[in-house]
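Student: I am attaching a structure below and will ask some questions about it afterwards.
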Protein chains: 4
Amino acid sequence: MPPDPSRRSERSRRAILTAATDLVHEVGYRKLTIEAIAARAGVGKQTIYRWWPSKGAVVLDGFLAAVNENPDDLSLPDTGDVAADIRGVVRAIVAELADPTLSGTTRALMTEMQDDPEFADMVRERLLGPQLQAIADRLRAAQEAGQLRADLDVPVAVELLVGPLYHRWLLRTAPLTEAYADTVTELALRALSP
Amino acid sequence: MPPDPSRRSERSRRAILTAATDLVHEVGYRKLTIEAIAARAGVGKQTIYRWWPSKGAVVLDGFLAAVNENPDDLSLPDTGDVAADIRGVVRAIVAELADPTLSGTTRALMTEMQDDPEFADMVRERLLGPQLQAIADRLRAAQEAGQLRADLDVPVAVELLVGPLYHRWLLRTAPLTEAYADTVTELALRALSP
Amino acid sequence: MPPDPSRRSERSRRAILTAATDLVHEVGYRKLTIEAIAARAGVGKQTIYRWWPSKGAVVLDGFLAAVNENPDDLSLPDTGDVAADIRGVVRAIVAELADPTLSGTTRALMTEMQDDPEFADMVRERLLGPQLQAIADRLRAAQEAGQLRADLDVPVAVELLVGPLYHRWLLRTAPLTEAYADTVTELALRALSP
Amino acid sequence: MPPDPSRRSERSRRAILTAATDLVHEVGYRKLTIEAIAARAGVGKQTIYRWWPSKGAVVLDGFLAAVNENPDDLSLPDTGDVAADIRGVVRAIVAELADPTLSGTTRALMTEMQDDPEFADMVRERLLGPQLQAIADRLRAAQEAGQLRADLDVPVAVELLVGPLYHRWLLRTAPLTEAYADTVTELALRALSP
DNA sequence: TTTTAATCGAGACGGTACGTCGAGTCTTGCT
DNA sequence: AGCAAGACTCGACGTACCGTCTCGATTAAAA
């Protein structure tokens, strides 16, 4: 029998998310334990197990709560200049991935996705999906404006843009810089142009 | 004081790598334990701890040993037709990533890289580096043959090719098919052409 | 922070003591392991480490629990005939030391006392002390009845009685028989008489 | 096949005994390990296992070597005054047991005897037997001189003398003093007199 | 004096148990 | 009912030693 959400303690929920977020920065995701979260939050372990299916889910919730505090609209600006607009997002993504604070948690989430399909669904739906969708939307608009090839497969186009960024970020083959962002943008757009 | 490699038991080394490789297929990397490897290999735990710094290192060694048994030359063929040659590797990579047997281990290695920098170095040097280098070599040859842009940054070009593949593979946003491989190849090469 | 005894599992406590007692008979004290006790008792190792400071403490508790199940009054009978009363205890002690079942555990406890002062305190307080006190009490009564020397140092008198028994038992210089018990009794009482 | 004693390395033998004796004082018998002895002695472990059956045997050998360096004759003086002669040994034994340096090792040896019958034989033959025999000899002489009861069982008489000392020493029920030695001597001799 | 074979230092090996940590479940008493 | 607290079973961790087993490198007896 699932617990009754209406009786849930808001105070505990917040304390848990805060503790999880803090601890993930202090000790890293791998050394983060449910016990430590409970202790730091002043909460029984059961309260965590009751409301979250896994350590990753708690951290994801905490991460989303932190991000959505200032819930800037995800949708990209449409200045009419595809190149400029896309360059903007790509730079933003690179900046986020290069930021050691955010990066650690994101890394953990991507790691955790690899062997927990249910968790992977959560991350895709709530975190990555919307971001990628925003880019896709902008590309589709450009396509309809005739600025991109008509036969373009938009999702693939998105991957052509962000795939290189994630590859470099995950493999740490080279540093993530703004110049890199612009190079990737330029190359990808050339491929996508009519 | 480090152990003396000349006194190392070859029989134990092999048994450990075999056991690790088998077990990672049977139970997955996350549920793989040093204790189980030792038990399966008929070996004391200390023998593992003596020669490998981590579980990941054992699995990597086992993976490389399996791969290198038939050490097909990594360097790409150069038929003169860049598009064909590149399409070949991209298809091969996609096939490998789509293969559930190989894929599991590769996923684990990439996962492990994220929070163990020393291990990341090992994987880059011994596994990923050579593969990417082979592609880079072929691209550079094409560039020198005037088939690709003269101002091309080859490492970025490699990422433009494989980044999308890994992105889709890690995020599981869509299936990895041969058609997908060809689409990515076509798009990327358009970007790289003079 | 020490654990809360009121939340202790009585079922686990009993299972542990039983398992320890059984195993000490089966394999002997030296080959007895915490791990085996836990396994036999169907209990986590931590539960043992939580409540007992050492292997010896567990065995002592088990031994005392077994002994105190039929808690025959330790105090000696006082028939008025010192010689008879003392001969009774001495015979009883000899019988106990000669009994291979009880003897094994007692040996282990005495052994363990030698290099664990805290454990030695426990054994003295809870096992040996009361036994020796009972003899001391009977001797003191006899002394007050004028049957023993007035200037007698009672604790030394007790040692004169039991010391030889333990000496022979520990050194295994000769078998412990009832005749031996009587010889020691007779000799010691001659020394203690007025 | 037993090793050939004529090829034995005297230097190693000495180094091992010295290391064992030193270490037993530094860390105690229980924490003493064969590995530590070998390391300290600059000797391979096998060299120890080749020549000694157990840790106890090494320590016993070391102890005897130290004791026998000044191999004072064990036999007691016979001044004609049994009481004086016996008081002498009893005091000597008490002094030895009270000496924290010697006592530790002796404790360990007696402990080890309890669950290693072969080792017990060694200790009895080479260490305790001779000491007790010396007392027995002196008592027998006194008996033949008519100073002790004619029907006296000499071994029991010896136990009556030393049993109390060991009892107090092993159980640590009270301190071992010279006064105590004299009290025991006096009481025991009263029992043994005609 | 040379051979030769056992002993030697060194330390890797297969094992067993250690004492600790954290997972996820269960129980108790409070709110 | 949910909650804080924390004891519970379980399983793995990484370490310490055990006693056995190679490895050359001495080293002392036999040839």
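Chain labels A, B, ... are given in the sequence in which chains occur in the structure tokens; within each chain residues are numbered consecutively from 1, and ligands are likewise numbered from 1 in the order shown.
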As number ranges by chain, please: the residues near D:Glu178 (cut-off 12 Å, only C-alpha atoms (C1' of nucleotides), same-chain neighbours under 5 positions excluded).
Tutor: D: 87-98, 165, 183-185
Student: Which residues are near E:DT28? Cut-off 10 Å, only C-alpha atoms (C1' of nucleotides), ignore same chain within fewer than 6 positions. Put them as an NGL selection string.
Tutor: (:C and (6-7)) or (:F and (5-6))
Student: Restricting the output to N, CA, C and O atoms (P, O5', C5', C4', C3', O3' and C1' of nucleotides), write the selected residues as a PDB file, in the first residue's frame.
Tutor:
```pdb
ATOM      1  N   SER C   6      16.900  -1.155  26.077  1.00  0.00           N
ATOM      2  CA  SER C   6      15.467  -1.452  26.139  1.00  0.00           C
ATOM      3  C   SER C   6      14.938  -1.898  24.774  1.00  0.00           C
ATOM      4  O   SER C   6      13.866  -2.477  24.676  1.00  0.00           O
ATOM      5  N   ARG C   7      15.719  -1.623  23.736  1.00  0.00           N
ATOM      6  CA  ARG C   7      15.252  -2.002  22.413  1.00  0.00           C
ATOM      7  C   ARG C   7      15.922  -3.289  21.948  1.00  0.00           C
ATOM      8  O   ARG C   7      15.785  -3.701  20.804  1.00  0.00           O
TER       9      ARG C   7
ATOM     10  P    DA F   5      15.862  12.129  15.469  1.00  0.00           P
ATOM     11  O5'  DA F   5      15.842  10.609  15.915  1.00  0.00           O
ATOM     12  C5'  DA F   5      15.267  10.280  17.179  1.00  0.00           C
ATOM     13  C4'  DA F   5      15.448   8.800  17.419  1.00  0.00           C
ATOM     14  C3'  DA F   5      16.857   8.287  17.087  1.00  0.00           C
ATOM     15  O3'  DA F   5      17.424   7.836  18.295  1.00  0.00           O
ATOM     16  C1'  DA F   5      15.157   6.839  16.273  1.00  0.00           C
ATOM     17  P    DG F   6      18.953   7.393  18.429  1.00  0.00           P
ATOM     18  O5'  DG F   6      18.901   5.848  18.050  1.00  0.00           O
ATOM     19  C5'  DG F   6      18.074   4.967  18.803  1.00  0.00           C
ATOM     20  C4'  DG F   6      17.948   3.691  18.035  1.00  0.00           C
ATOM     21  C3'  DG F   6      19.290   3.193  17.451  1.00  0.00           C
ATOM     22  O3'  DG F   6      19.398   1.806  17.645  1.00  0.00           O
ATOM     23  C1'  DG F   6      17.651   3.100  15.865  1.00  0.00           C
TER      24       DG F   6
END
```
Student: Give one line per residue of chain A that approaches chain E to at most 10 Å, naming the two atoms of the closest pair and their distance in Å to one decimal, counting only C-alpha atoms (C1' of nucleotides); sort by chain then ascending residue number and deliver it as JSON lines.
Tutor:
```
{"residue": "A:Thr33", "atom": "CA", "partner": "E:DG22", "partner_atom": "C1'", "distance": 7.4}
{"residue": "A:Ile34", "atom": "CA", "partner": "E:DG22", "partner_atom": "C1'", "distance": 8.3}
{"residue": "A:Glu35", "atom": "CA", "partner": "E:DG22", "partner_atom": "C1'", "distance": 7.6}
{"residue": "A:Ala36", "atom": "CA", "partner": "E:DG22", "partner_atom": "C1'", "distance": 9.8}
{"residue": "A:Lys45", "atom": "CA", "partner": "E:DG24", "partner_atom": "C1'", "distance": 9.3}
{"residue": "A:Gln46", "atom": "CA", "partner": "E:DT25", "partner_atom": "C1'", "distance": 8.9}
{"residue": "A:Tyr49", "atom": "CA", "partner": "E:DG24", "partner_atom": "C1'", "distance": 8.3}
```
Student: Quick check, in Å to one decimal: how far apart do atom CA of A:Ala38 and atom CA of A:Phe119 lie?
Tutor: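 Interatomic distance here is 20.8 Å.
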Student: Using only C-alpha atoms (C1' of nucleotides), which chain F residues lie at most 9 Å away from chain D, written as a CSV table (one decimal) with all heavy atoms, in the first residue's frame?
Tutor:
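Written output follows (part.csv):
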```csv
chain,number,residue,atom,x,y,z
F,17,DC,P,49.1,-8.5,11.7
F,17,DC,OP1,49.2,-7.9,13.0
F,17,DC,OP2,50.1,-8.2,10.7
F,17,DC,O5',49.0,-10.1,11.9
F,17,DC,C5',48.8,-10.8,10.8
F,17,DC,C4',48.4,-12.2,11.2
F,17,DC,O4',47.5,-12.6,10.2
F,17,DC,C3',49.7,-13.1,11.0
F,17,DC,O3',49.7,-14.1,12.0
F,17,DC,C2',49.5,-13.6,9.6
F,17,DC,C1',48.0,-13.6,9.3
F,17,DC,N1,47.7,-13.1,7.9
F,17,DC,C2,46.7,-13.8,7.2
F,17,DC,O2,46.1,-14.7,7.8
F,17,DC,N3,46.4,-13.4,5.9
F,17,DC,C4,47.1,-12.4,5.4
F,17,DC,N4,46.8,-12.1,4.1
F,17,DC,C5,48.1,-11.7,6.1
F,17,DC,C6,48.3,-12.1,7.3
F,18,DC,P,50.7,-15.3,12.1
F,18,DC,OP1,50.8,-15.6,13.5
F,18,DC,OP2,51.8,-14.9,11.3
F,18,DC,O5',49.9,-16.5,11.3
F,18,DC,C5',48.7,-16.9,11.8
F,18,DC,C4',48.1,-17.9,10.9
F,18,DC,O4',47.7,-17.3,9.7
F,18,DC,C3',49.1,-19.0,10.5
F,18,DC,O3',48.7,-20.2,11.2
F,18,DC,C2',49.0,-19.2,9.0
F,18,DC,C1',47.9,-18.2,8.6
F,18,DC,N1,48.3,-17.3,7.4
F,18,DC,C2,47.8,-17.6,6.2
F,18,DC,O2,47.0,-18.6,6.0
F,18,DC,N3,48.1,-16.8,5.1
F,18,DC,C4,48.9,-15.8,5.3
F,18,DC,N4,49.2,-15.0,4.2
F,18,DC,C5,49.5,-15.5,6.6
F,18,DC,C6,49.2,-16.3,7.6
F,19,DG,P,49.8,-21.2,11.7
F,19,DG,OP1,49.2,-22.2,12.6
F,19,DG,OP2,51.0,-20.4,12.1
F,19,DG,O5',50.2,-22.0,10.3
F,19,DG,C5',49.2,-22.9,9.8
F,19,DG,C4',49.6,-23.2,8.4
F,19,DG,O4',49.6,-22.0,7.6
F,19,DG,C3',50.9,-23.9,8.2
F,19,DG,O3',50.8,-25.0,7.3
F,19,DG,C2',51.8,-22.7,7.6
F,19,DG,C1',50.7,-22.1,6.7
F,19,DG,N9,51.1,-20.7,6.4
F,19,DG,C8,51.7,-19.7,7.1
F,19,DG,N7,51.9,-18.6,6.5
F,19,DG,C5,51.3,-18.8,5.2
F,19,DG,C6,51.3,-18.0,4.1
F,19,DG,O6,51.7,-16.8,4.0
F,19,DG,N1,50.7,-18.6,3.0
F,19,DG,C2,50.2,-19.9,3.0
F,19,DG,N2,49.7,-20.3,1.9
F,19,DG,N3,50.3,-20.7,4.1
F,19,DG,C4,50.8,-20.1,5.1
F,20,DT,P,52.0,-25.8,6.7
F,20,DT,OP1,51.6,-27.2,6.9
F,20,DT,OP2,53.2,-25.3,7.3
F,20,DT,O5',51.9,-25.5,5.2
F,20,DT,C5',50.7,-25.5,4.5
F,20,DT,C4',50.9,-25.2,3.0
F,20,DT,O4',51.2,-23.8,2.9
F,20,DT,C3',52.1,-25.9,2.4
F,20,DT,O3',51.7,-26.4,1.1
F,20,DT,C2',53.2,-24.8,2.3
F,20,DT,C1',52.3,-23.6,2.0
F,20,DT,N1,52.9,-22.3,2.4
F,20,DT,C2,53.0,-21.3,1.5
F,20,DT,O2,52.6,-21.4,0.4
F,20,DT,N3,53.6,-20.1,1.9
F,20,DT,C4,54.1,-19.9,3.2
F,20,DT,O4,54.6,-18.8,3.5
F,20,DT,C5,54.0,-21.0,4.1
F,20,DT,C7,54.6,-20.9,5.5
F,20,DT,C6,53.4,-22.1,3.7
F,27,DT,P,76.2,-17.1,2.8
F,27,DT,OP1,74.8,-16.9,2.9
F,27,DT,OP2,77.1,-16.3,3.7
F,27,DT,O5',76.6,-18.6,3.1
F,27,DT,C5',75.6,-19.4,3.7
F,27,DT,C4',76.0,-20.8,3.8
F,27,DT,O4',75.6,-21.6,2.6
F,27,DT,C3',77.5,-21.1,4.0
F,27,DT,O3',77.5,-22.3,4.9
F,27,DT,C2',77.9,-21.5,2.6
F,27,DT,C1',76.7,-22.3,2.2
F,27,DT,N1,76.5,-22.6,0.8
F,27,DT,C2,75.9,-23.8,0.4
F,27,DT,O2,75.4,-24.6,1.2
F,27,DT,N3,75.7,-23.9,-1.0
F,27,DT,C4,76.2,-23.1,-2.0
F,27,DT,O4,76.0,-23.3,-3.2
F,27,DT,C5,76.9,-21.9,-1.5
F,27,DT,C7,77.4,-20.9,-2.5
F,27,DT,C6,77.0,-21.7,-0.2
F,28,DA,P,78.2,-22.1,6.4
F,28,DA,OP1,77.2,-21.5,7.3
F,28,DA,OP2,79.5,-21.5,6.2
F,28,DA,O5',78.4,-23.6,6.8
F,28,DA,C5',77.2,-24.5,6.9
F,28,DA,C4',77.4,-25.7,6.2
F,28,DA,O4',77.4,-25.5,4.7
F,28,DA,C3',78.7,-26.5,6.5
F,28,DA,O3',78.3,-27.9,6.7
F,28,DA,C2',79.5,-26.4,5.2
F,28,DA,C1',78.4,-26.4,4.2
F,28,DA,N9,78.7,-25.9,2.8
F,28,DA,C8,79.4,-24.8,2.5
F,28,DA,N7,79.5,-24.5,1.2
F,28,DA,C5,78.8,-25.6,0.7
F,28,DA,C6,78.5,-25.9,-0.7
F,28,DA,N6,79.0,-25.2,-1.7
F,28,DA,N1,77.8,-27.0,-0.9
F,28,DA,C2,77.3,-27.7,0.2
F,28,DA,N3,77.5,-27.5,1.5
F,28,DA,C4,78.3,-26.4,1.6
F,29,DA,P,79.2,-28.8,7.7
F,29,DA,OP1,78.5,-28.9,8.9
F,29,DA,OP2,80.6,-28.3,7.6
F,29,DA,O5',79.1,-30.2,6.9
F,29,DA,C5',77.8,-30.8,6.8
F,29,DA,C4',77.8,-31.7,5.6
F,29,DA,O4',78.0,-30.9,4.4
F,29,DA,C3',78.8,-32.8,5.5
F,29,DA,O3',78.2,-34.0,5.5
F,29,DA,C2',79.7,-32.5,4.3
F,29,DA,C1',78.9,-31.5,3.5
F,29,DA,N9,79.7,-30.4,3.0
F,29,DA,C8,80.5,-29.5,3.8
F,29,DA,N7,81.1,-28.6,3.1
F,29,DA,C5,80.7,-28.9,1.8
F,29,DA,C6,81.1,-28.2,0.6
F,29,DA,N6,81.9,-27.2,0.5
F,29,DA,N1,80.5,-28.7,-0.5
F,29,DA,C2,79.7,-29.8,-0.4
F,29,DA,N3,79.3,-30.5,0.7
F,29,DA,C4,79.9,-29.9,1.7
```
Student: Hey, which of F:DC10, F:DA31, F:DC23, F:DA4 ends up closest to E:DG11? Count only C-alpha atoms (C1' of nucleotides).
Tutor: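 Of the candidates, the smallest distance to E:DG11 is held by F:DC23.
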Student: For chain B versus chain A, which residues have an atom no more than 7 Å away, and what is each residue's nearest atom pair and distance in Å rounded to one decimal, using only C-alpha atoms, chain-then-number order, as a tab-separated table?
Tutor:
```
residue	atom	partner	partner_atom	distance
B:Arg107	CA	A:Gln114	CA	6.8
B:Thr111	CA	A:Thr111	CA	5.2
B:Gln114	CA	A:Arg107	CA	6.7
B:Glu159	CA	A:Pro164	CA	5.0
B:Leu160	CA	A:Pro164	CA	5.4
B:Gly163	CA	A:Pro164	CA	4.2
B:Pro164	CA	A:Gly163	CA	4.2
B:Tyr166	CA	A:His167	CA	6.9
B:His167	CA	A:Gly163	CA	5.1
B:Leu170	CA	A:Gln114	CA	6.9
B:Leu187	CA	A:Ala191	CA	5.3
B:Ala188	CA	A:Ala191	CA	6.3
B:Arg190	CA	A:Ala191	CA	5.2
B:Ala191	CA	A:Ala191	CA	4.4
```
Student: Rounded to one decimal place, report the atom CA of D:Arg13-atom CA of D:Val59 distance in Å.
Tutor: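 Straight-line distance from atom CA of D:Arg13 to atom CA of D:Val59 works out to 12.1 Å.
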Student: According to DSSP computed on the backbone, where in stretch 26-113 of chain B is there alpha helix (DSSP H)? Give the residues as a ChimeraX atom specification.
Tutor: /B:26-27,34-41,45-51,55-67,82-98,100-113
